[in-house]
file protein32.pdb (PDB, C-alpha atoms)
MODEL        1
ATOM      1  CA  MET K 834      12.369 -32.528  22.058
ATOM      2  CA  GLY K 835      11.747 -29.443  24.192
ATOM      3  CA  ALA K 836       9.181 -29.135  26.933
ATOM      4  CA  LEU K 837       5.702 -28.028  25.951
ATOM      5  CA  ARG K 838       4.357 -24.678  27.098
ATOM      6  CA  LYS K 839       0.763 -23.849  27.944
ATOM      7  CA  VAL K 840      -0.806 -20.942  26.058
ATOM      8  CA  ARG K 841      -4.364 -19.610  26.411
ATOM      9  CA  PHE K 842      -5.786 -19.963  22.906
ATOM     10  CA  GLY K 843      -9.462 -19.246  22.602
ATOM     11  CA  SER K 844     -11.139 -20.161  25.863
ATOM     12  CA  VAL K 845      -8.770 -22.973  26.883
ATOM     13  CA  ASP K 846      -5.073 -23.621  27.424
ATOM     14  CA  GLU K 847      -3.315 -25.327  24.526
ATOM     15  CA  SER K 848       0.179 -26.775  24.230
ATOM     16  CA  PHE K 849       2.876 -24.948  22.291
ATOM     17  CA  GLY K 850       6.055 -26.550  21.063
ATOM     18  CA  GLU K 851       7.512 -29.066  18.653
ATOM     19  CA  SER K 852       4.839 -31.688  19.398
ATOM     20  CA  GLY K 853       2.188 -29.251  20.658
ATOM     21  CA  TYR K 854      -1.164 -28.213  19.239
ATOM     22  CA  ILE K 855       0.346 -24.805  18.385
ATOM     23  CA  GLN K 856       3.660 -24.999  16.579
ATOM     24  CA  GLN K 857       6.530 -22.552  16.299
ATOM     25  CA  MET K 858       6.483 -20.249  13.276
ATOM     26  CA  GLU K 859       9.481 -20.469  11.004
ATOM     27  CA  LYS K 860      11.551 -17.298  10.816
ATOM     28  CA  ARG K 861      11.828 -15.862   7.315
ATOM     29  CA  GLY K 862      13.564 -12.560   8.040
ATOM     30  CA  ASP K 863      16.809 -13.736   6.437
ATOM     31  CA  LEU K 864      15.002 -13.990   3.094
ATOM     32  CA  VAL K 865      14.573 -10.213   3.219
ATOM     33  CA  ARG K 866      18.030  -9.429   4.560
ATOM     34  CA  GLU K 867      19.632 -11.634   1.883
ATOM     35  CA  HIS K 868      17.304 -10.387  -0.898
ATOM     36  CA  ARG K 869      15.959 -13.883  -1.553
ATOM     37  CA  PHE K 870      12.535 -12.684  -2.623
ATOM     38  CA  ASP K 871      11.781 -15.618  -4.915
ATOM     39  CA  GLU K 872      12.011 -17.844  -1.855
ATOM     40  CA  LEU K 873       9.877 -15.405   0.127
ATOM     41  CA  ARG K 874       7.113 -15.514  -2.488
ATOM     42  CA  LYS K 875       7.296 -19.315  -2.476
ATOM     43  CA  SER K 876       7.039 -19.372   1.314
ATOM     44  CA  ILE K 877       3.948 -17.145   1.270
ATOM     45  CA  ASP K 878       2.369 -19.352  -1.380
ATOM     46  CA  GLU K 879       3.051 -22.513   0.608
ATOM     47  CA  ASP K 880       2.149 -21.342   4.123
ATOM     48  CA  GLY K 881      -0.185 -18.400   3.478
ATOM     49  CA  TYR K 882       2.043 -15.997   5.404
ATOM     50  CA  ALA K 883       5.648 -15.120   6.213
ATOM     51  CA  TYR K 884       7.053 -14.295   9.643
ATOM     52  CA  LEU K 885       9.764 -11.714   8.984
ATOM     53  CA  ASN K 886      11.725 -11.452  12.203
ATOM     54  CA  GLY K 887      13.898  -8.440  12.901
ATOM     55  CA  VAL K 888      13.324  -6.527   9.675
ATOM     56  CA  LEU K 889      12.390  -3.208  11.324
ATOM     57  CA  GLU K 890      14.563  -1.075  13.560
ATOM     58  CA  ARG K 891      13.772  -2.169  17.102
ATOM     59  CA  GLU K 892      14.373   1.210  18.754
ATOM     60  CA  ALA K 893      12.081   3.011  16.295
ATOM     61  CA  VAL K 894       9.282   0.526  17.038
ATOM     62  CA  LEU K 895       9.758   1.037  20.773
ATOM     63  CA  GLU K 896       9.612   4.831  20.304
ATOM     64  CA  CYS K 897       6.302   4.379  18.486
ATOM     65  CA  ARG K 898       5.011   2.228  21.342
ATOM     66  CA  GLU K 899       6.175   4.759  23.945
ATOM     67  CA  PHE K 900       4.380   7.596  22.149
ATOM     68  CA  ILE K 901       1.053   5.721  22.219
ATOM     69  CA  LEU K 902       1.402   4.617  25.828
ATOM     70  CA  GLN K 903       2.304   8.126  26.938
ATOM     71  CA  LYS K 904      -0.874   9.410  25.263
ATOM     72  CA  PHE K 905      -2.810   6.787  27.227
ATOM     73  CA  SER K 906      -1.087   7.850  30.432
ATOM     74  CA  ASP K 907      -1.805  11.536  29.807
ATOM     75  CA  ALA K 908      -5.493  10.770  29.182
ATOM     76  CA  GLY K 909      -5.816   9.100  32.590
ATOM     77  CA  GLY K 910      -7.801   6.039  33.666
ATOM     78  CA  ILE K 911      -6.147   3.641  31.216
ATOM     79  CA  ILE K 912      -2.721   2.652  32.480
ATOM     80  CA  LYS K 913      -1.095   3.092  35.862
ATOM     81  CA  GLY K 914       2.462   3.750  36.877
ATOM     82  CA  LYS K 915       5.189   4.192  34.303
ATOM     83  CA  ALA K 916       3.697   4.537  30.821
ATOM     84  CA  THR K 917       6.071   2.112  29.112
ATOM     85  CA  ASP K 918       5.214  -0.635  31.623
ATOM     86  CA  ALA K 919       1.768  -0.657  29.935
ATOM     87  CA  VAL K 920      -0.001  -1.955  33.062
ATOM     88  CA  LEU K 921      -3.742  -1.395  32.845
ATOM     89  CA  GLU K 922      -5.843   0.141  35.579
ATOM     90  CA  GLU K 923      -7.840  -2.569  37.361
ATOM     91  CA  ASN K 924     -11.149  -1.569  35.780
ATOM     92  CA  CYS K 925      -9.815  -0.804  32.293
ATOM     93  CA  GLY K 926     -11.309  -3.304  29.865
ATOM     94  CA  VAL K 927     -12.450  -3.247  26.243
ATOM     95  CA  GLY K 928     -14.447  -0.017  26.433
ATOM     96  CA  CYS K 929     -11.720   1.816  28.323
ATOM     97  CA  ILE K 930      -8.980   1.597  25.697
ATOM     98  CA  PRO K 931      -9.425   4.296  23.022
ATOM     99  CA  PHE K 932     -10.572   3.352  19.534
ATOM    100  CA  LEU K 933      -7.387   3.873  17.529
ATOM    101  CA  GLU K 934      -8.237   2.758  13.989
ATOM    102  CA  GLY K 935      -8.409   5.119  11.056
ATOM    103  CA  TYR K 936      -6.503   8.290  10.240
ATOM    104  CA  ASN K 937      -5.891  10.215  13.434
ATOM    105  CA  GLU K 938      -3.423  11.734  15.873
ATOM    106  CA  PHE K 939      -2.204   8.269  16.825
ATOM    107  CA  THR K 940      -1.903   6.520  13.460
ATOM    108  CA  HIS K 941      -0.324   9.394  11.580
ATOM    109  CA  ASN K 942       1.944  10.838  14.214
ATOM    110  CA  GLU K 943       5.481  10.986  12.817
ATOM    111  CA  LYS K 944       6.800   8.347  15.233
ATOM    112  CA  VAL K 945       4.000   5.953  14.303
ATOM    113  CA  ILE K 946       3.598   6.419  10.554
ATOM    114  CA  LYS K 947       7.315   5.927   9.937
ATOM    115  CA  ILE K 948       6.838   2.401  11.278
ATOM    116  CA  LEU K 949       3.487   1.650   9.621
ATOM    117  CA  GLU K 950       4.742   2.863   6.225
ATOM    118  CA  SER K 951       8.385   1.998   6.716
ATOM    119  CA  PRO K 952      10.552   2.013   3.576
ATOM    120  CA  VAL K 953      11.583  -1.496   4.618
ATOM    121  CA  ILE K 954       7.988  -2.723   4.466
ATOM    122  CA  ARG K 955       7.414  -0.884   1.193
ATOM    123  CA  ASN K 956      10.491  -2.533  -0.312
ATOM    124  CA  ILE K 957       9.308  -5.964   0.837
ATOM    125  CA  PHE K 958       5.940  -5.584  -0.868
ATOM    126  CA  GLU K 959       7.441  -4.101  -4.024
ATOM    127  CA  ASN K 960       9.584  -7.213  -4.298
ATOM    128  CA  VAL K 961       6.694  -9.541  -3.451
ATOM    129  CA  PHE K 962       4.409  -7.930  -6.055
ATOM    130  CA  GLY K 963       7.164  -7.073  -8.519
ATOM    131  CA  GLN K 964       5.863  -3.522  -8.950
ATOM    132  CA  LYS K 965       5.263  -0.229  -7.169
ATOM    133  CA  VAL K 966       2.894  -0.390  -4.203
ATOM    134  CA  ILE K 967       0.714   1.812  -2.021
ATOM    135  CA  ALA K 968      -0.419   1.423   1.569
ATOM    136  CA  PHE K 969      -3.981   2.116   2.649
ATOM    137  CA  ASP K 970      -4.266   5.510   4.322
ATOM    138  CA  TYR K 971      -6.539   3.915   6.922
ATOM    139  CA  LYS K 972      -4.640   2.056   9.651
ATOM    140  CA  TRP K 973      -5.875  -0.637  12.028
ATOM    141  CA  LEU K 974      -4.082   0.374  15.228
ATOM    142  CA  ARG K 975      -5.356  -1.547  18.264
ATOM    143  CA  GLY K 976      -4.939  -1.921  21.988
ATOM    144  CA  VAL K 977      -6.025  -5.271  23.449
ATOM    145  CA  SER K 978      -7.001  -5.519  27.114
ATOM    146  CA  THR K 979      -6.681  -8.305  29.674
ATOM    147  CA  GLY K 980      -8.788 -11.355  28.836
ATOM    148  CA  SER K 981      -9.389 -10.289  25.232
ATOM    149  CA  TYR K 982      -8.419 -11.895  21.947
ATOM    150  CA  THR K 983      -9.301 -11.791  18.261
ATOM    151  CA  GLY K 984     -11.369 -14.632  16.820
ATOM    152  CA  ALA K 985     -10.591 -16.638  13.690
ATOM    153  CA  HIS K 986     -11.289 -14.764  10.471
ATOM    154  CA  TYR K 987     -10.323 -14.062   6.876
ATOM    155  CA  ASP K 988      -9.397 -10.443   6.104
ATOM    156  CA  ILE K 989     -11.200 -10.673   2.746
ATOM    157  CA  VAL K 990     -14.496 -10.411   4.644
ATOM    158  CA  TYR K 991     -13.688  -6.737   5.301
ATOM    159  CA  MET K 992     -11.446  -5.944   2.311
ATOM    160  CA  ARG K 993     -12.985  -7.330  -0.842
ATOM    161  CA  ARG K 994     -13.682  -4.141  -2.834
ATOM    162  CA  GLY K 995     -10.276  -3.311  -4.252
ATOM    163  CA  SER K 996      -7.197  -5.128  -5.483
ATOM    164  CA  PRO K 997      -7.331  -8.942  -5.540
ATOM    165  CA  GLN K 998      -3.637  -8.844  -4.608
ATOM    166  CA  LEU K 999      -4.164  -6.931  -1.344
ATOM    167  CA  MET K1000      -2.030  -8.127   1.591
ATOM    168  CA  THR K1001      -1.869  -7.407   5.308
ATOM    169  CA  CYS K1002       1.197  -6.486   7.317
ATOM    170  CA  TRP K1003       0.788  -7.104  11.064
ATOM    171  CA  ILE K1004       3.218  -5.142  13.206
ATOM    172  CA  PRO K1005       3.685  -5.889  16.920
ATOM    173  CA  LEU K1006       4.374  -2.576  18.630
ATOM    174  CA  GLY K1007       6.756  -3.919  21.235
ATOM    175  CA  ASP K1008       7.694  -7.385  22.461
ATOM    176  CA  ILE K1009       4.495  -9.436  22.319
ATOM    177  CA  THR K1010       4.607 -12.838  23.949
ATOM    178  CA  MET K1011       1.901 -15.426  23.510
ATOM    179  CA  ASP K1012       0.686 -14.563  27.021
ATOM    180  CA  LEU K1013       0.163 -10.954  25.910
ATOM    181  CA  GLY K1014      -1.958 -11.923  22.901
ATOM    182  CA  ALA K1015       0.130 -12.859  19.863
ATOM    183  CA  LEU K1016      -1.037 -13.284  16.283
ATOM    184  CA  ALA K1017      -1.499 -16.947  15.332
ATOM    185  CA  MET K1018      -1.756 -18.148  11.743
ATOM    186  CA  CYS K1019      -3.527 -21.238  10.412
ATOM    187  CA  ARG K1020      -0.941 -22.588   8.010
ATOM    188  CA  GLY K1021      -2.454 -23.928   4.812
ATOM    189  CA  SER K1022      -5.901 -22.393   5.329
ATOM    190  CA  HIS K1023      -5.476 -20.343   2.146
ATOM    191  CA  LYS K1024      -5.073 -23.317  -0.207
ATOM    192  CA  LEU K1025      -5.940 -26.687   1.357
ATOM    193  CA  PRO K1026      -8.958 -28.240  -0.433
ATOM    194  CA  SER K1027     -10.602 -28.833   2.948
ATOM    195  CA  PHE K1028     -11.065 -25.049   3.240
ATOM    196  CA  ASP K1029     -12.717 -24.626  -0.183
ATOM    197  CA  LYS K1030     -16.276 -24.568   1.152
ATOM    198  CA  LEU K1031     -15.334 -22.114   3.890
ATOM    199  CA  LYS K1032     -13.810 -19.765   1.329
ATOM    200  CA  ALA K1033     -16.878 -20.115  -0.899
ATOM    201  CA  THR K1034     -19.260 -19.247   1.949
ATOM    202  CA  TYR K1035     -17.714 -17.269   4.778
ATOM    203  CA  GLY K1036     -14.867 -16.068   2.560
ATOM    204  CA  ALA K1037     -17.329 -14.690  -0.001
ATOM    205  CA  ILE K1038     -19.224 -12.271   2.239
ATOM    206  CA  ASP K1039     -18.807  -8.507   2.515
ATOM    207  CA  HIS K1040     -19.166  -7.501   6.171
ATOM    208  CA  GLU K1041     -20.749  -4.171   5.306
ATOM    209  CA  LYS K1042     -22.844  -4.965   2.214
ATOM    210  CA  ASP K1043     -24.211  -8.155   3.738
ATOM    211  CA  ARG K1044     -25.199  -6.209   6.877
ATOM    212  CA  LEU K1045     -23.362  -8.553   9.224
ATOM    213  CA  ASP K1046     -24.026  -7.594  12.830
ATOM    214  CA  GLY K1047     -20.964  -8.245  14.928
ATOM    215  CA  THR K1048     -17.240  -8.674  14.505
ATOM    216  CA  GLY K1049     -17.258 -10.797  11.362
ATOM    217  CA  TRP K1050     -15.189 -13.496  13.070
ATOM    218  CA  PHE K1051     -16.076 -17.036  12.016
ATOM    219  CA  SER K1052     -15.129 -18.691  15.292
ATOM    220  CA  MET K1053     -13.755 -17.923  18.735
ATOM    221  CA  GLU K1054     -12.247 -21.399  19.164
ATOM    222  CA  PRO K1055      -9.162 -22.529  17.219
ATOM    223  CA  ARG K1056      -9.889 -26.231  17.668
ATOM    224  CA  GLU K1057     -13.177 -25.770  15.857
ATOM    225  CA  ILE K1058     -11.166 -24.690  12.809
ATOM    226  CA  THR K1059      -8.690 -27.567  12.813
ATOM    227  CA  SER K1060     -11.338 -30.171  13.660
ATOM    228  CA  GLU K1061     -13.613 -29.063  10.818
ATOM    229  CA  PHE K1062     -11.112 -28.011   8.156
ATOM    230  CA  GLY K1063      -7.566 -29.020   9.111
ATOM    231  CA  GLY K1064      -4.552 -26.730   8.856
ATOM    232  CA  GLN K1065      -1.945 -26.095  11.530
ATOM    233  CA  TRP K1066      -1.935 -23.239  14.028
ATOM    234  CA  THR K1067       1.454 -21.571  14.417
ATOM    235  CA  CYS K1068       2.578 -18.755  16.674
ATOM    236  CA  THR K1069       5.630 -17.260  18.366
ATOM    237  CA  ASP K1070       6.814 -14.727  20.923
ATOM    238  CA  TYR K1071       7.332 -11.587  18.839
ATOM    239  CA  SER K1072      10.035  -8.978  19.309
ATOM    240  CA  ALA K1073       9.821  -5.309  18.412
ATOM    241  CA  GLY K1074      11.053  -5.175  14.815
ATOM    242  CA  ASP K1075       9.209  -8.318  13.661
ATOM    243  CA  ILE K1076       6.314  -8.320  11.182
ATOM    244  CA  ILE K1077       4.041 -10.883   9.531
ATOM    245  CA  ILE K1078       2.724 -10.482   6.000
ATOM    246  CA  PHE K1079      -0.152 -12.546   4.640
ATOM    247  CA  GLY K1080      -2.946 -12.672   2.088
ATOM    248  CA  MET K1081      -6.659 -12.127   2.429
ATOM    249  CA  HIS K1082      -7.555 -15.848   2.582
ATOM    250  CA  THR K1083      -5.277 -16.994   5.402
ATOM    251  CA  LEU K1084      -7.230 -17.672   8.591
ATOM    252  CA  HIS K1085      -5.754 -16.066  11.676
ATOM    253  CA  MET K1086      -6.646 -15.109  15.224
ATOM    254  CA  SER K1087      -4.745 -14.256  18.390
ATOM    255  CA  THR K1088      -3.878 -15.921  21.627
ATOM    256  CA  THR K1089      -5.548 -14.494  24.724
ATOM    257  CA  ASN K1090      -4.023 -11.619  26.670
ATOM    258  CA  VAL K1091      -3.673 -13.170  30.129
ATOM    259  CA  THR K1092      -1.444 -10.388  31.480
ATOM    260  CA  ASP K1093      -2.348  -7.137  33.226
ATOM    261  CA  LYS K1094      -0.902  -5.134  30.327
ATOM    262  CA  VAL K1095      -2.280  -3.638  27.113
ATOM    263  CA  ARG K1096      -1.117  -5.223  23.872
ATOM    264  CA  LEU K1097      -0.408  -2.771  21.038
ATOM    265  CA  SER K1098      -0.266  -3.757  17.378
ATOM    266  CA  CYS K1099      -1.231  -2.419  13.981
ATOM    267  CA  ASP K1100      -2.376  -3.829  10.649
ATOM    268  CA  SER K1101      -1.436  -1.978   7.491
ATOM    269  CA  ARG K1102      -2.636  -3.022   4.041
ATOM    270  CA  TRP K1103      -0.579  -2.947   0.863
ATOM    271  CA  GLN K1104      -1.340  -3.481  -2.815
ATOM    272  CA  PRO K1105       0.068  -2.755  -6.272
ATOM    273  CA  SER K1106      -0.373   0.961  -6.894
ATOM    274  CA  ASP K1107      -2.009   0.469 -10.312
ATOM    275  CA  ASP K1108      -4.712  -1.898  -9.026
ATOM    276  CA  GLN K1109      -8.244  -0.820  -8.123
ATOM    277  CA  LYS K1110      -8.363   0.808  -4.691
ATOM    278  CA  ASP K1111     -11.008   0.528  -1.989
ATOM    279  CA  PRO K1112     -12.311   4.096  -1.502
ATOM    280  CA  ARG K1113     -13.175   3.388   2.126
ATOM    281  CA  TYR K1114      -9.512   3.181   3.014
ATOM    282  CA  VAL K1115      -7.618   5.163   0.377
ATOM    283  CA  GLY K1116      -8.026   8.742  -0.734
ATOM    284  CA  ASN K1117      -9.514  11.937   0.644
ATOM    285  CA  MET K1118      -8.658  12.123   4.312
ATOM    286  CA  ASP K1119     -11.722  14.202   5.214
ATOM    287  CA  GLU K1120     -13.952  11.499   3.758
ATOM    288  CA  ILE K1121     -12.103   8.761   5.618
ATOM    289  CA  LYS K1122     -12.400  10.707   8.862
ATOM    290  CA  THR K1123     -16.118  11.180   8.245
ATOM    291  CA  MET K1124     -16.511   7.422   7.818
ATOM    292  CA  LEU K1125     -15.266   6.983  11.364
ATOM    293  CA  THR K1126     -18.535   8.434  12.658
ATOM    294  CA  GLY K1127     -20.323   5.453  11.145
ATOM    295  CA  MET K1128     -18.120   2.748  12.566
ATOM    296  CA  ARG K1129     -19.495  -0.174  14.485
ATOM    297  CA  ARG K1130     -17.701  -1.092  17.684
ATOM    298  CA  SER K1131     -16.247  -4.027  15.764
ATOM    299  CA  GLY K1132     -14.406  -1.633  13.503
ATOM    300  CA  ALA K1133     -16.308  -2.359  10.287
ATOM    301  CA  HIS K1134     -17.858   0.427   8.244
ATOM    302  CA  VAL K1135     -21.602   0.925   8.258
ATOM    303  CA  ASP K1136     -23.433   1.701   5.030
ATOM    304  CA  THR K1137     -25.331   4.687   6.406
ATOM    305  CA  GLU K1138     -27.553   5.050   3.308
ATOM    306  CA  ASN K1139     -29.104   1.654   4.049
ATOM    307  CA  ASP K1140     -28.889   1.703   7.816
ATOM    308  CA  ASN K1141     -32.454   0.428   8.256
ATOM    309  CA  THR K1142     -31.740  -2.756   6.339
ATOM    310  CA  GLU K1143     -32.206  -5.906   8.413
ATOM    311  CA  THR K1144     -28.934  -7.257   9.732
ATOM    312  CA  VAL K1145     -27.738 -10.845   9.934
ATOM    313  CA  THR K1146     -25.590 -12.573  12.547
ATOM    314  CA  MET K1147     -22.719 -15.001  12.103
ATOM    315  CA  THR K1148     -24.789 -17.604  13.923
ATOM    316  CA  GLN K1149     -27.505 -17.298  11.271
ATOM    317  CA  LEU K1150     -25.018 -17.443   8.411
ATOM    318  CA  ARG K1151     -23.237 -20.447   9.822
ATOM    319  CA  GLU K1152     -26.530 -22.325  10.143
ATOM    320  CA  LYS K1153     -27.222 -21.515   6.499
ATOM    321  CA  TRP K1154     -23.787 -22.730   5.399
ATOM    322  CA  GLY K1155     -23.983 -25.958   7.386
ATOM    323  CA  TYR K1156     -21.586 -24.944  10.160
ATOM    324  CA  PRO K1157     -23.853 -24.611  13.217
ATOM    325  CA  VAL K1158     -22.328 -22.716  16.115
ATOM    326  CA  PRO K1159     -21.405 -25.029  19.013
ATOM    327  CA  GLU K1160     -23.360 -24.633  22.231
ATOM    328  CA  GLY K1161     -21.754 -22.090  24.524
ATOM    329  CA  SER K1162     -19.903 -20.286  21.722
ATOM    330  CA  LYS K1163     -19.414 -16.530  22.101
ATOM    331  CA  ILE K1164     -20.060 -16.034  18.368
ATOM    332  CA  ARG K1165     -23.356 -14.261  17.761
TER     333      ARG K1165
ENDMDL
END
call {"tool": "encode", "arguments": {"input": "protein32.pdb", "output": "C-alpha cells"}}
result
Amino acid sequence: MGALRKVRFGSVDESFGESGYIQQMEKRGDLVREHRFDELRKSIDEDGYAYLNGVLEREAVLECREFILQKFSDAGGIIKGKATDAVLEENCGVGCIPFLEGYNEFTHNEKVIKILESPVIRNIFENVFGQKVIAFDYKWLRGVSTGSYTGAHYDIVYMRRGSPQLMTCWIPLGDITMDLGALAMCRGSHKLPSFDKLKATYGAIDHEKDRLDGTGWFSMEPREITSEFGGQWTCTDYSAGDIIIFGMHTLHMSTTNVTDKVRLSCDSRWQPSDDQKDPRYVGNMDEIKTMLTGMRRSGAHVDTENDNTETVTMTQLREKWGYPVPEGSKIR
C-alpha cells in the first residue's frame, strides 16, 4: 500500500491514495484507443464519469495553453516572467484573471477551438450517444488563481433547458496536479439512492429562472457531501491530453490551487444533434455575445427582462430543503 499524500480539498487538507479520503481515478483512455465503447458507456453508467487519459495530442494542448498564457502576458499585470511558467503576479487574484467564458478571441482562436472541438472528442461522443453530435458554441474557458477552487455542484443546475442527454467534457489545458486545482468527481452521486433527495431539490433548480444569487454551488466542503449523501471522491494528477466526460447529475468540484500559478481548463458541452438545443449556448453568435453583457460574475446568465425579481440564495434554499448550511460555510 503506497504512502498517502495530502491534498487541499475544500478548506482543509485531505488524504489521497489507496486508503485515503480521495481515491485515484481509474484510467479509461484505453477504451477509446481500443474502440471498446460498450465498456465506456457501462463505465459512465456505473461511475457517473470517465477519465480518458491521453486521448488528445499533448503538443496541441500545450500550444493552446501557450496561446492563452501569452495573451495574459501581453495584457500585463497577470503573470510574471516567462508566459508558459504561468506564475501569477503577487496581487493577481480572482478579479485579475480575465473572464474567458463564451464565444471570444480566446475560445475560438484556431489553436484553442481545435482542442475544444477536437475530432477525437466528437468521435467519442458520437460513439457514446450512438448518433451524430454537436458541441455548444459557448465555451467555459477558465483561469483559476491561487487559493481558489470550485465548489460541489451538478451541471444540470445551469444546463437544464435542452437535451436530456447533454454531457460535459472537461479539458485540462496543461499538466494539472491536485496542488494546482484538479477536477474531482463524486463517484456514484448520479445514481445512488442516497442522492435522490438532493437531485429532486438542488438538482431540480434552474440557476437563472429561479433567480439564484451566487455561484449555484451546493457546498464548498467535500466532506459535507460524503457525510450527508455518501459517494466516493476521486481525483488524479492530469496530463495535457487527458479529458473527463460526465453527465449532468454527477457531483463534482475541484481541489484548491495552492500554487503560485494560474490553472487553465475548459468545459465543452456535447449532445445529440437532433435533440432540443439550449438557445443560450447554441446558435447566432451575435446573440450569444450579447448575452455576455448580462453575465453574473459567477458565469450564469441573467434574465434581463425580469431583472427586478427578488433573488434567492443557496443558504435560503438549503434551509428550505432541510440541508442547513454549516456555521462558517462560505456558501451564501
call {"tool": "atom_distance", "arguments": {"input": "protein32.pdb", "atom1": "CA of Ile1038 in chain K", "atom2": "CA of Arg993 in chain K"}}
result
8.5 Å
call {"tool": "resolve_selection", "arguments": {"input": "protein32.pdb", "expression": "the PyMOL selection byres ((chain K and resi 1071) around 12)", "output": "MDAnalysis selection string"}}
result
chainID K and resid 857:858 860 884:887 891 1003:1017 1068:1070 1072:1077 1096:1098
call {"tool": "resolve_selection", "arguments": {"input": "protein32.pdb", "expression": "the PyMOL selection byres ((chain K and resi 930-941) around 8)", "output": "ChimeraX atom specification"}}
result
/K:901,911,925-929,942-943,945-946,970-978,1118,1121-1122,1125,1132
call {"tool": "atom_distance", "arguments": {"input": "protein32.pdb", "atom1": "CA of Thr1059 in chain K", "atom2": "CA of His1082 in chain K"}}
result
15.6 Å
call {"tool": "closest_atom_pairs", "arguments": {"input": "protein32.pdb", "of": "range 976-1029 of chain K", "to": "range 864-877 of chain K", "cutoff": "12 Å", "atoms": "all atoms listed in the file", "output": "CSV"}}
result
residue,atom,partner,partner_atom,distance
K:Met1000,CA,K:Ile877,CA,10.8
K:Met1018,CA,K:Ile877,CA,12.0
K:Arg1020,CA,K:Ile877,CA,9.9
K:Gly1021,CA,K:Ile877,CA,10.0
K:Ser1022,CA,K:Ile877,CA,11.9
K:His1023,CA,K:Ile877,CA,10.0
K:Lys1024,CA,K:Ile877,CA,11.0
call {"tool": "atom_distance", "arguments": {"input": "protein32.pdb", "atom1": "CA of Phe962 in chain K", "atom2": "CA of Gly1116 in chain K"}}
result
21.5 Å
call {"tool": "residues_around", "arguments": {"input": "protein32.pdb", "residues": "Gln856 in chain K", "least_positions_apart": "2", "cutoff": "8 Å", "atoms": "only C-alpha atoms", "output": "number ranges by chain"}}
result
K: 849-854, 858, 1065-1068
call {"tool": "resolve_selection", "arguments": {"input": "protein32.pdb", "expression": "the PyMOL selection byres ((chain K and resi 953-959) around 8)", "output": "ChimeraX atom specification"}}
result
/K:865,888-889,950-952,960-967,1103-1105
call {"tool": "closest_residue", "arguments": {"input": "protein32.pdb", "among": "K:Arg1165, K:Ser1106, K:Gly862, K:Ser1087", "to": "Val840 in chain K", "atoms": "all atoms listed in the file"}}
result
K:Ser1087
call {"tool": "closest_atom_pairs", "arguments": {"input": "protein32.pdb", "of": "range 915-1022 of chain K", "to": "range 1158-1164 of chain K", "cutoff": "12 Å", "atoms": "all atoms listed in the file", "output": "CSV"}}
result
residue,atom,partner,partner_atom,distance
K:Tyr982,CA,K:Lys1163,CA,11.9
K:Thr983,CA,K:Ile1164,CA,11.6
K:Gly984,CA,K:Ile1164,CA,8.9
K:Ala985,CA,K:Ile1164,CA,10.6
K:His986,CA,K:Ile1164,CA,11.9
call {"tool": "residues_around", "arguments": {"input": "protein32.pdb", "residues": "Val1145 in chain K", "least_positions_apart": "5", "cutoff": "7 Å", "atoms": "only C-alpha atoms", "output": "PyMOL selection string"}}
result
chain K and resi 1044-1046
call {"tool": "residues_around", "arguments": {"input": "protein32.pdb", "residues": "Lys839 in chain K", "least_positions_apart": "3", "cutoff": "9 Å", "atoms": "only C-alpha atoms", "output": "PDB file with C-alpha atoms, in the coordinates of the input"}}
result
ATOM      1  CA  ASP K 846      -5.073 -23.621  27.424  1.00  0.00           C
ATOM      2  CA  GLU K 847      -3.315 -25.327  24.526  1.00  0.00           C
ATOM      3  CA  SER K 848       0.179 -26.775  24.230  1.00  0.00           C
ATOM      4  CA  PHE K 849       2.876 -24.948  22.291  1.00  0.00           C
TER       5      PHE K 849
END
call {"tool": "closest_residue", "arguments": {"input": "protein32.pdb", "among": "K:Phe969, K:Phe905, K:Arg838, K:Pro1157", "to": "Cys1002 in chain K", "atoms": "only C-alpha atoms"}}
result
K:Phe969
call {"tool": "closest_residue", "arguments": {"input": "protein32.pdb", "among": "K:Arg994, K:Arg1151, K:Arg841, K:Arg898", "to": "Cys1099 in chain K", "atoms": "all atoms listed in the file"}}
result
K:Arg898
call {"tool": "closest_residue", "arguments": {"input": "protein32.pdb", "among": "K:Ala893, K:Met1147, K:Val990, K:Leu921", "to": "Leu1084 in chain K", "atoms": "only C-alpha atoms"}}
result
K:Val990
call {"tool": "closest_residue", "arguments": {"input": "protein32.pdb", "among": "K:Glu859, K:Glu1152, K:Asp1108, K:Asp1100", "to": "Ser996 in chain K", "atoms": "all atoms listed in the file"}}
result
K:Asp1108
call {"tool": "axis_aligned_box", "arguments": {"input": "protein32.pdb", "around": "range 1078-1095 of chain K", "padding_each_side": "3 Å", "output": "lines of an AutoDock Vina configuration file"}}
result
center_x = -2.4
center_y = -10.7
center_z = 17.7
size_x = 16.3
size_y = 20.0
size_z = 37.1
